[in-house]
>>> print(open('final-v1.csv').read())   # CSV, C-alpha atoms
chain,number,residue,atom,x,y,z
A,158,MET,CA,108.5,99.6,115.8
A,159,ILE,CA,107.4,98.8,112.3
A,160,ARG,CA,109.0,95.8,110.6
A,161,ILE,CA,109.1,95.8,106.8
A,162,VAL,CA,110.2,92.9,104.6
A,163,THR,CA,110.8,93.0,100.9
A,164,LEU,CA,111.3,89.9,98.7
A,165,ASN,CA,111.3,89.1,95.0
A,166,ILE,CA,109.6,85.7,95.0
A,167,TRP,CA,110.8,84.5,91.6
A,168,LYS,CA,107.6,84.0,89.8
A,169,ASP,CA,106.7,80.2,89.5
A,170,GLU,CA,110.3,79.0,89.0
A,171,GLY,CA,111.8,76.0,90.8
A,172,ASP,CA,109.7,73.9,93.1
A,173,TRP,CA,106.9,76.5,93.5
A,174,PRO,CA,104.8,74.8,96.2
A,175,ALA,CA,107.9,74.1,98.3
A,176,ARG,CA,109.3,77.6,97.9
A,177,MET,CA,105.9,79.2,98.8
A,178,ALA,CA,105.9,77.1,102.0
A,179,ALA,CA,109.5,78.1,102.8
A,180,ILE,CA,108.6,81.8,102.3
A,181,ALA,CA,105.5,81.5,104.5
A,182,ALA,CA,107.5,79.8,107.2
A,183,GLY,CA,110.2,82.5,107.0
A,184,LEU,CA,107.7,85.3,107.2
A,185,ALA,CA,106.0,83.7,110.2
A,186,ALA,CA,109.4,83.7,112.0
A,187,LEU,CA,110.1,87.3,111.1
A,188,GLN,CA,106.7,88.6,112.2
A,189,PRO,CA,106.7,91.6,109.8
A,190,ASP,CA,104.0,94.3,109.8
A,191,VAL,CA,104.3,94.9,106.1
A,192,VAL,CA,105.7,92.7,103.3
A,193,CYS,CA,106.5,94.0,99.8
A,194,LEU,CA,106.6,91.3,97.2
A,195,GLN,CA,107.8,91.4,93.6
A,196,GLU,CA,107.4,88.8,90.7
A,197,VAL,CA,104.1,87.8,92.2
A,198,TYR,CA,103.0,85.0,89.8
A,199,VAL,CA,99.4,84.6,88.9
A,200,GLY,CA,98.5,82.0,86.2
A,201,GLY,CA,97.6,78.4,85.6
A,202,GLY,CA,95.5,78.2,88.8
A,203,ARG,CA,98.4,79.7,90.9
A,204,ASP,CA,98.2,83.0,92.8
A,205,ALA,CA,101.3,83.6,94.9
A,206,GLY,CA,99.9,86.7,96.7
A,207,GLN,CA,96.7,85.0,97.8
A,208,TRP,CA,98.5,81.8,98.7
A,209,LEU,CA,101.0,83.6,100.9
A,210,ALA,CA,98.2,85.7,102.5
A,211,ALA,CA,96.3,82.5,103.4
A,212,ALA,CA,99.4,80.8,104.7
A,213,THR,CA,100.5,83.7,106.9
A,214,GLY,CA,97.2,85.3,107.9
A,215,LEU,CA,98.2,88.6,106.5
A,216,ALA,CA,96.0,90.8,104.4
A,217,CYS,CA,96.9,90.9,100.7
A,218,THR,CA,96.7,93.8,98.2
A,219,GLN,CA,98.2,92.9,94.8
A,220,LEU,CA,98.6,94.4,91.3
A,221,ALA,CA,99.1,92.3,88.2
A,222,ALA,CA,101.8,93.4,85.7
A,223,ARG,CA,104.0,92.2,82.9
A,224,HIS,CA,101.4,89.9,81.3
A,225,LYS,CA,102.9,87.2,79.0
A,226,LEU,CA,103.1,83.5,78.2
A,227,ARG,CA,105.4,81.8,80.7
A,228,GLY,CA,106.0,78.1,79.9
A,229,GLY,CA,103.0,78.3,77.6
A,230,VAL,CA,100.7,79.6,80.4
A,231,ALA,CA,99.1,83.1,80.3
A,232,SER,CA,100.3,84.8,83.4
A,233,SER,CA,101.3,88.0,85.2
A,234,SER,CA,104.3,88.9,87.3
A,235,GLY,CA,103.2,91.8,89.5
A,236,VAL,CA,103.7,93.2,92.9
A,237,ALA,CA,101.9,92.8,96.2
A,238,ILE,CA,101.8,94.1,99.7
A,239,LEU,CA,100.9,91.8,102.6
A,240,SER,CA,100.2,93.5,105.9
A,241,ARG,CA,99.2,92.8,109.5
A,242,THR,CA,96.4,95.3,109.2
A,243,ALA,CA,94.6,96.1,105.9
A,244,PRO,CA,95.6,99.4,104.2
A,245,ILE,CA,93.3,102.3,104.5
A,246,GLY,CA,94.0,103.2,100.9
A,247,THR,CA,95.9,101.9,97.8
A,248,MET,CA,97.1,103.3,94.5
A,249,ALA,CA,98.4,101.6,91.4
A,250,ILE,CA,101.1,103.6,89.5
A,251,GLY,CA,102.0,102.8,85.9
A,252,LEU,CA,105.7,103.2,85.3
A,253,PRO,CA,107.6,104.1,82.1
A,254,THR,CA,108.4,101.0,80.1
A,255,THR,CA,109.7,99.6,76.8
A,256,LEU,CA,108.8,96.6,74.7
A,257,ALA,CA,111.8,94.8,76.1
A,258,ASP,CA,110.8,95.6,79.6
A,259,GLY,CA,107.2,94.3,79.3
A,260,GLY,CA,105.3,96.7,81.5
A,261,ARG,CA,105.9,97.9,85.0
A,262,LYS,CA,103.6,99.0,87.8
A,263,ALA,CA,104.1,99.9,91.4
A,264,LEU,CA,101.7,99.4,94.2
A,265,VAL,CA,101.2,102.0,97.0
A,266,ALA,CA,99.4,101.4,100.3
A,267,ASP,CA,98.6,103.7,103.1
A,268,PHE,CA,98.6,102.4,106.7
A,269,THR,CA,97.8,103.7,110.2
A,270,THR,CA,100.6,102.5,112.4
A,271,VAL,CA,101.8,102.8,116.0
A,272,ALA,CA,104.0,105.6,114.7
A,273,GLY,CA,101.3,107.4,112.8
A,274,PRO,CA,100.5,107.3,109.0
A,275,LEU,CA,102.8,105.5,106.7
A,276,ARG,CA,102.9,105.1,102.9
A,277,VAL,CA,104.6,102.1,101.5
A,278,ALA,CA,105.3,101.3,97.8
A,279,SER,CA,106.3,97.9,96.5
A,280,LEU,CA,108.3,98.3,93.3
A,281,HIS,CA,110.3,96.3,90.7
A,282,LEU,CA,112.4,98.4,88.4
A,283,SER,CA,113.4,97.2,84.9
A,284,HIS,CA,115.7,94.2,84.7
A,285,VAL,CA,116.9,94.9,81.1
A,286,ARG,CA,120.6,95.5,80.4
A,287,THR,CA,120.3,97.5,77.2
A,288,PRO,CA,122.3,100.7,76.7
A,289,ASP,CA,119.2,102.8,77.8
A,290,ALA,CA,118.4,100.6,80.8
A,291,SER,CA,119.9,102.9,83.4
A,292,ALA,CA,117.9,105.9,82.1
A,293,LEU,CA,114.7,103.7,82.1
A,294,ARG,CA,115.1,102.7,85.7
A,295,ALA,CA,115.8,106.4,86.6
A,296,ALA,CA,112.6,107.4,84.8
A,297,GLN,CA,110.6,104.7,86.6
A,298,LEU,CA,111.9,105.7,90.0
A,299,SER,CA,111.2,109.4,89.3
A,300,ALA,CA,107.7,108.7,88.2
A,301,LEU,CA,107.0,106.6,91.3
A,302,VAL,CA,108.4,109.2,93.7
A,303,ALA,CA,106.3,111.9,92.0
A,304,ALA,CA,103.1,109.9,92.0
A,305,ALA,CA,103.5,108.6,95.6
A,306,ASP,CA,104.7,111.9,97.1
A,307,CYS,CA,103.2,112.7,100.5
A,308,ALA,CA,103.9,114.9,103.5
A,309,GLY,CA,104.3,112.0,105.8
A,310,PRO,CA,106.7,109.1,105.8
A,311,LEU,CA,107.2,107.2,102.5
A,312,VAL,CA,108.9,103.8,102.2
A,313,LEU,CA,110.0,102.4,98.8
A,314,ALA,CA,110.7,98.7,99.0
A,315,GLY,CA,111.5,96.2,96.4
A,316,ASP,CA,113.8,95.0,93.6
A,317,PHE,CA,115.5,98.1,92.2
A,318,ASN,CA,117.7,96.0,89.9
A,319,ALA,CA,120.6,98.4,90.7
A,320,ARG,CA,123.2,98.8,93.4
A,321,TRP,CA,122.7,101.7,95.7
A,322,ASP,CA,125.6,103.7,94.1
A,323,ALA,CA,124.2,103.2,90.6
A,324,PRO,CA,123.4,106.5,88.7
A,325,GLU,CA,119.7,105.5,88.2
A,326,LEU,CA,119.2,105.8,92.0
A,327,ALA,CA,120.8,109.2,92.3
A,328,LEU,CA,117.3,110.7,93.2
A,329,LEU,CA,117.4,108.8,96.5
A,330,SER,CA,120.8,110.3,97.5
A,331,ALA,CA,119.1,113.7,98.1
A,332,PRO,CA,118.8,114.8,101.7
A,333,GLY,CA,115.9,113.2,103.6
A,334,TRP,CA,116.3,109.7,102.2
A,335,VAL,CA,117.9,106.8,104.1
A,336,SER,CA,118.4,103.3,102.7
A,337,SER,CA,118.9,99.8,104.1
A,338,ALA,CA,121.9,99.6,101.8
A,339,THR,CA,123.9,101.8,104.1
A,340,MET,CA,123.6,99.1,106.8
A,341,LEU,CA,124.3,96.2,104.4
A,342,ALA,CA,127.5,97.3,102.7
A,343,GLY,CA,129.3,94.4,101.0
A,344,GLN,CA,126.4,92.0,101.3
A,345,SER,CA,124.2,90.6,98.5
A,346,SER,CA,120.5,90.1,97.8
A,347,LEU,CA,121.0,87.8,94.9
A,348,ILE,CA,121.6,84.2,96.0
A,349,GLY,CA,125.0,82.9,95.0
A,350,GLN,CA,126.2,86.2,93.7
A,351,PRO,CA,128.6,88.3,95.8
A,352,ASP,CA,128.2,92.1,96.1
A,353,ALA,CA,124.9,92.2,94.3
A,354,LEU,CA,122.8,94.2,96.7
A,355,ILE,CA,120.0,95.3,94.4
A,356,ASP,CA,117.0,95.0,96.7
A,357,HIS,CA,116.4,97.9,99.1
A,358,VAL,CA,114.1,99.4,101.6
A,359,VAL,CA,114.3,103.2,101.5
A,360,LEU,CA,112.7,105.7,103.9
A,361,ARG,CA,111.9,109.4,103.5
A,362,ALA,CA,110.6,110.3,106.9
A,363,GLY,CA,109.0,113.6,105.8
A,364,THR,CA,107.2,115.4,108.7
A,365,ALA,CA,107.3,112.3,110.9
A,366,ALA,CA,109.9,111.6,113.6
A,367,LEU,CA,110.7,108.2,112.2
A,368,ALA,CA,114.1,106.5,111.6
A,369,LEU,CA,115.4,103.4,109.9
A,370,ASN,CA,117.0,101.7,113.0
A,371,GLU,CA,118.0,98.3,111.6
A,372,ALA,CA,118.4,96.4,108.3
A,373,ARG,CA,119.5,92.8,107.7
A,374,ILE,CA,119.5,90.1,105.0
A,375,VAL,CA,116.8,87.5,105.6
A,376,LEU,CA,115.2,84.5,103.8
A,377,ASP,CA,118.6,83.6,102.3
A,378,HIS,CA,119.1,80.1,103.6
A,379,PRO,CA,117.4,76.8,102.6
A,380,ASP,CA,114.8,75.3,105.0
A,381,ALA,CA,115.2,71.9,106.6
A,382,ALA,CA,114.3,70.2,103.3
A,383,GLY,CA,117.0,72.1,101.5
A,384,VAL,CA,114.5,74.5,99.7
A,385,LEU,CA,115.6,78.1,99.1
A,386,PRO,CA,112.7,80.5,99.3
A,387,SER,CA,113.8,82.4,96.1
A,388,ASP,CA,116.7,83.4,93.9
A,389,HIS,CA,116.7,86.7,95.9
A,390,ALA,CA,117.3,87.1,99.6
A,391,GLY,CA,114.9,89.3,101.5
A,392,ILE,CA,115.6,92.5,103.3
A,393,LEU,CA,114.1,93.2,106.8
A,394,ALA,CA,114.1,96.9,107.8
A,395,VAL,CA,112.9,98.1,111.2
A,396,LEU,CA,111.5,101.6,111.6
A,397,ALA,CA,111.1,103.3,114.9
A,398,ALA,CA,109.8,106.6,116.3
A,399,ILE,CA,112.5,109.0,117.5
>>> encode(input="final-v1.csv", output="structure tokens")
Amino acid sequence: MIRIVTLNIWKDEGDWPARMAAIAAGLAALQPDVVCLQEVYVGGGRDAGQWLAAATGLACTQLAARHKLRGGVASSSGVAILSRTAPIGTMAIGLPTTLADGGRKALVADFTTVAGPLRVASLHLSHVRTPDASALRAAQLSALVAAADCAGPLVLAGDFNARWDAPELALLSAPGWVSSATMLAGQSSLIGQPDALIDHVVLRAGTAALALNEARIVLDHPDAAGVLPSDHAGILAVLAAI
């Protein structure tokens, strides 16, 4: 089995040290093989990807994006992939963007797993709600799928900023794709917001005999000190050979 978690870690908002500790503890309990992170904050002496890697013992590959001043601090809010074993190759993919969007990139990593080769992309599609936002997210997704295309299994994991039935995700309704959303109907990945499942783990098995066997909402409850890991819940997806 291959256990994949995706989580938007909410930049440096809230009580950042306490939240990072809560995320690390939650990941330790879940024992994932691969973790896809979004809104990975780097700035002002803080580096969320490296902090979480050190706290969990996982390898970290990260990609800075969306550079801007946040609270007067020059920072980036990018993507990262933590993994039990280091990837055998990585690729940075620039995505279509607008001035309002602020620049998007996706991070792709290749792994050798118990089920064979696996390609995983951590992504964060546009959050903007302008009239052209749906078309922008569709263009970002299309560009990512084209650039990350491979014969073997491909996993897209992250914050899509769209429900599974949104028109911008129509590309993933084609035969061969299966999503965690089909197992999480009626649930939400935004804390405190009902029916807002906008984070997904999506598998295209390709030539591999690999299936998405399980998906569930995780990291959605406060720890013993009352600290929520993020404003998003995580998604755990379990892949298994068939």
>>> atom_distance(input="final-v1.csv", atom1="CA of Ser283 in chain A", atom2="CA of Arg160 in chain A")
26.1 Å
>>> residues_around(input="final-v1.csv", residues="Ser233 in chain A", least_positions_apart="5", cutoff="8 Å", atoms="all atoms listed in the file", output="tab-separated table (two decimals) with C-alpha atoms, keeping the file's coordinate frame")
chain	number	residue	atom	x	y	z
A	197	VAL	CA	104.10	87.80	92.20
A	198	TYR	CA	103.00	85.00	89.80
A	199	VAL	CA	99.40	84.60	88.90
A	200	GLY	CA	98.50	82.00	86.20
A	221	ALA	CA	99.10	92.30	88.20
A	222	ALA	CA	101.80	93.40	85.70
A	223	ARG	CA	104.00	92.20	82.90
A	224	HIS	CA	101.40	89.90	81.30
A	225	LYS	CA	102.90	87.20	79.00
>>> closest_residue(input="final-v1.csv", among="A:Phe268, A:Val285, A:Met177, A:Leu360", to="Val302 in chain A", atoms="all atoms listed in the file")
A:Leu360
>>> closest_residue(input="final-v1.csv", among="A:Ile245, A:Ile161, A:Ile180, A:Ile238", to="Thr213 in chain A", atoms="only C-alpha atoms")
A:Ile180
>>> residues_near_point(input="final-v1.csv", point="(98.3, 96.3, 91.8)", cutoff="9 Å", atoms="all atoms listed in the file", output="MDAnalysis selection string")
chainID A and resid 218:222 235:238 247:250 262:265
>>> write_last_selection(input="final-v1.csv", atoms="C-alpha atoms", output="PDB file, keeping the file's coordinate frame")
ATOM      1  CA  THR A 218      96.700  93.800  98.200  1.00  0.00           C
ATOM      2  CA  GLN A 219      98.200  92.900  94.800  1.00  0.00           C
ATOM      3  CA  LEU A 220      98.600  94.400  91.300  1.00  0.00           C
ATOM      4  CA  ALA A 221      99.100  92.300  88.200  1.00  0.00           C
ATOM      5  CA  ALA A 222     101.800  93.400  85.700  1.00  0.00           C
ATOM      6  CA  GLY A 235     103.200  91.800  89.500  1.00  0.00           C
ATOM      7  CA  VAL A 236     103.700  93.200  92.900  1.00  0.00           C
ATOM      8  CA  ALA A 237     101.900  92.800  96.200  1.00  0.00           C
ATOM      9  CA  ILE A 238     101.800  94.100  99.700  1.00  0.00           C
ATOM     10  CA  THR A 247      95.900 101.900  97.800  1.00  0.00           C
ATOM     11  CA  MET A 248      97.100 103.300  94.500  1.00  0.00           C
ATOM     12  CA  ALA A 249      98.400 101.600  91.400  1.00  0.00           C
ATOM     13  CA  ILE A 250     101.100 103.600  89.500  1.00  0.00           C
ATOM     14  CA  LYS A 262     103.600  99.000  87.800  1.00  0.00           C
ATOM     15  CA  ALA A 263     104.100  99.900  91.400  1.00  0.00           C
ATOM     16  CA  LEU A 264     101.700  99.400  94.200  1.00  0.00           C
ATOM     17  CA  VAL A 265     101.200 102.000  97.000  1.00  0.00           C
TER      18      VAL A 265
END
>>> closest_atom_pairs(input="final-v1.csv", of="range 174-293 of chain A", to="range 309-325 of chain A", cutoff="10 Å", atoms="all atoms listed in the file", output="JSON lines")
{"residue": "A:Val192", "atom": "CA", "partner": "A:Ala314", "partner_atom": "CA", "distance": 8.9}
{"residue": "A:Cys193", "atom": "CA", "partner": "A:Ala314", "partner_atom": "CA", "distance": 6.4}
{"residue": "A:Leu194", "atom": "CA", "partner": "A:Gly315", "partner_atom": "CA", "distance": 7.0}
{"residue": "A:Gln195", "atom": "CA", "partner": "A:Gly315", "partner_atom": "CA", "distance": 6.7}
{"residue": "A:Glu196", "atom": "CA", "partner": "A:Asp316", "partner_atom": "CA", "distance": 9.4}
{"residue": "A:Val236", "atom": "CA", "partner": "A:Gly315", "partner_atom": "CA", "distance": 9.1}
{"residue": "A:Ala263", "atom": "CA", "partner": "A:Gly315", "partner_atom": "CA", "distance": 9.7}
{"residue": "A:Leu264", "atom": "CA", "partner": "A:Leu313", "partner_atom": "CA", "distance": 10.0}
{"residue": "A:Val265", "atom": "CA", "partner": "A:Leu313", "partner_atom": "CA", "distance": 9.0}
{"residue": "A:Ala266", "atom": "CA", "partner": "A:Leu311", "partner_atom": "CA", "distance": 10.0}
{"residue": "A:Asp267", "atom": "CA", "partner": "A:Leu311", "partner_atom": "CA", "distance": 9.3}
{"residue": "A:Ala272", "atom": "CA", "partner": "A:Pro310", "partner_atom": "CA", "distance": 9.9}
{"residue": "A:Gly273", "atom": "CA", "partner": "A:Gly309", "partner_atom": "CA", "distance": 8.9}
{"residue": "A:Pro274", "atom": "CA", "partner": "A:Gly309", "partner_atom": "CA", "distance": 6.8}
{"residue": "A:Leu275", "atom": "CA", "partner": "A:Pro310", "partner_atom": "CA", "distance": 5.4}
{"residue": "A:Arg276", "atom": "CA", "partner": "A:Leu311", "partner_atom": "CA", "distance": 4.8}
{"residue": "A:Val277", "atom": "CA", "partner": "A:Val312", "partner_atom": "CA", "distance": 4.7}
{"residue": "A:Ala278", "atom": "CA", "partner": "A:Leu313", "partner_atom": "CA", "distance": 4.9}
{"residue": "A:Ser279", "atom": "CA", "partner": "A:Ala314", "partner_atom": "CA", "distance": 5.1}
{"residue": "A:Leu280", "atom": "CA", "partner": "A:Gly315", "partner_atom": "CA", "distance": 4.9}
{"residue": "A:His281", "atom": "CA", "partner": "A:Asp316", "partner_atom": "CA", "distance": 4.7}
{"residue": "A:Leu282", "atom": "CA", "partner": "A:Phe317", "partner_atom": "CA", "distance": 4.9}
{"residue": "A:Ser283", "atom": "CA", "partner": "A:Asn318", "partner_atom": "CA", "distance": 6.7}
{"residue": "A:His284", "atom": "CA", "partner": "A:Asn318", "partner_atom": "CA", "distance": 5.9}
{"residue": "A:Val285", "atom": "CA", "partner": "A:Asn318", "partner_atom": "CA", "distance": 8.9}
{"residue": "A:Arg286", "atom": "CA", "partner": "A:Asn318", "partner_atom": "CA", "distance": 9.9}
{"residue": "A:Ala290", "atom": "CA", "partner": "A:Glu325", "partner_atom": "CA", "distance": 9.0}
{"residue": "A:Ser291", "atom": "CA", "partner": "A:Glu325", "partner_atom": "CA", "distance": 5.5}
{"residue": "A:Ala292", "atom": "CA", "partner": "A:Glu325", "partner_atom": "CA", "distance": 6.4}
{"residue": "A:Leu293", "atom": "CA", "partner": "A:Glu325", "partner_atom": "CA", "distance": 8.1}
>>> residues_around(input="final-v1.csv", residues="Met158 in chain A", least_positions_apart="5", cutoff="9 Å", atoms="only C-alpha atoms", output="number ranges by chain")
A: 271-272, 395-398
>>> write_last_selection(input="final-v1.csv", atoms="C-alpha atoms", output="PDB file, in the frame of the given file")
ATOM      1  CA  VAL A 271     101.800 102.800 116.000  1.00  0.00           C
ATOM      2  CA  ALA A 272     104.000 105.600 114.700  1.00  0.00           C
ATOM      3  CA  VAL A 395     112.900  98.100 111.200  1.00  0.00           C
ATOM      4  CA  LEU A 396     111.500 101.600 111.600  1.00  0.00           C
ATOM      5  CA  ALA A 397     111.100 103.300 114.900  1.00  0.00           C
ATOM      6  CA  ALA A 398     109.800 106.600 116.300  1.00  0.00           C
TER       7      ALA A 398
END
>>> atom_distance(input="final-v1.csv", atom1="CA of Asp380 in chain A", atom2="CA of Pro189 in chain A")
18.8 Å
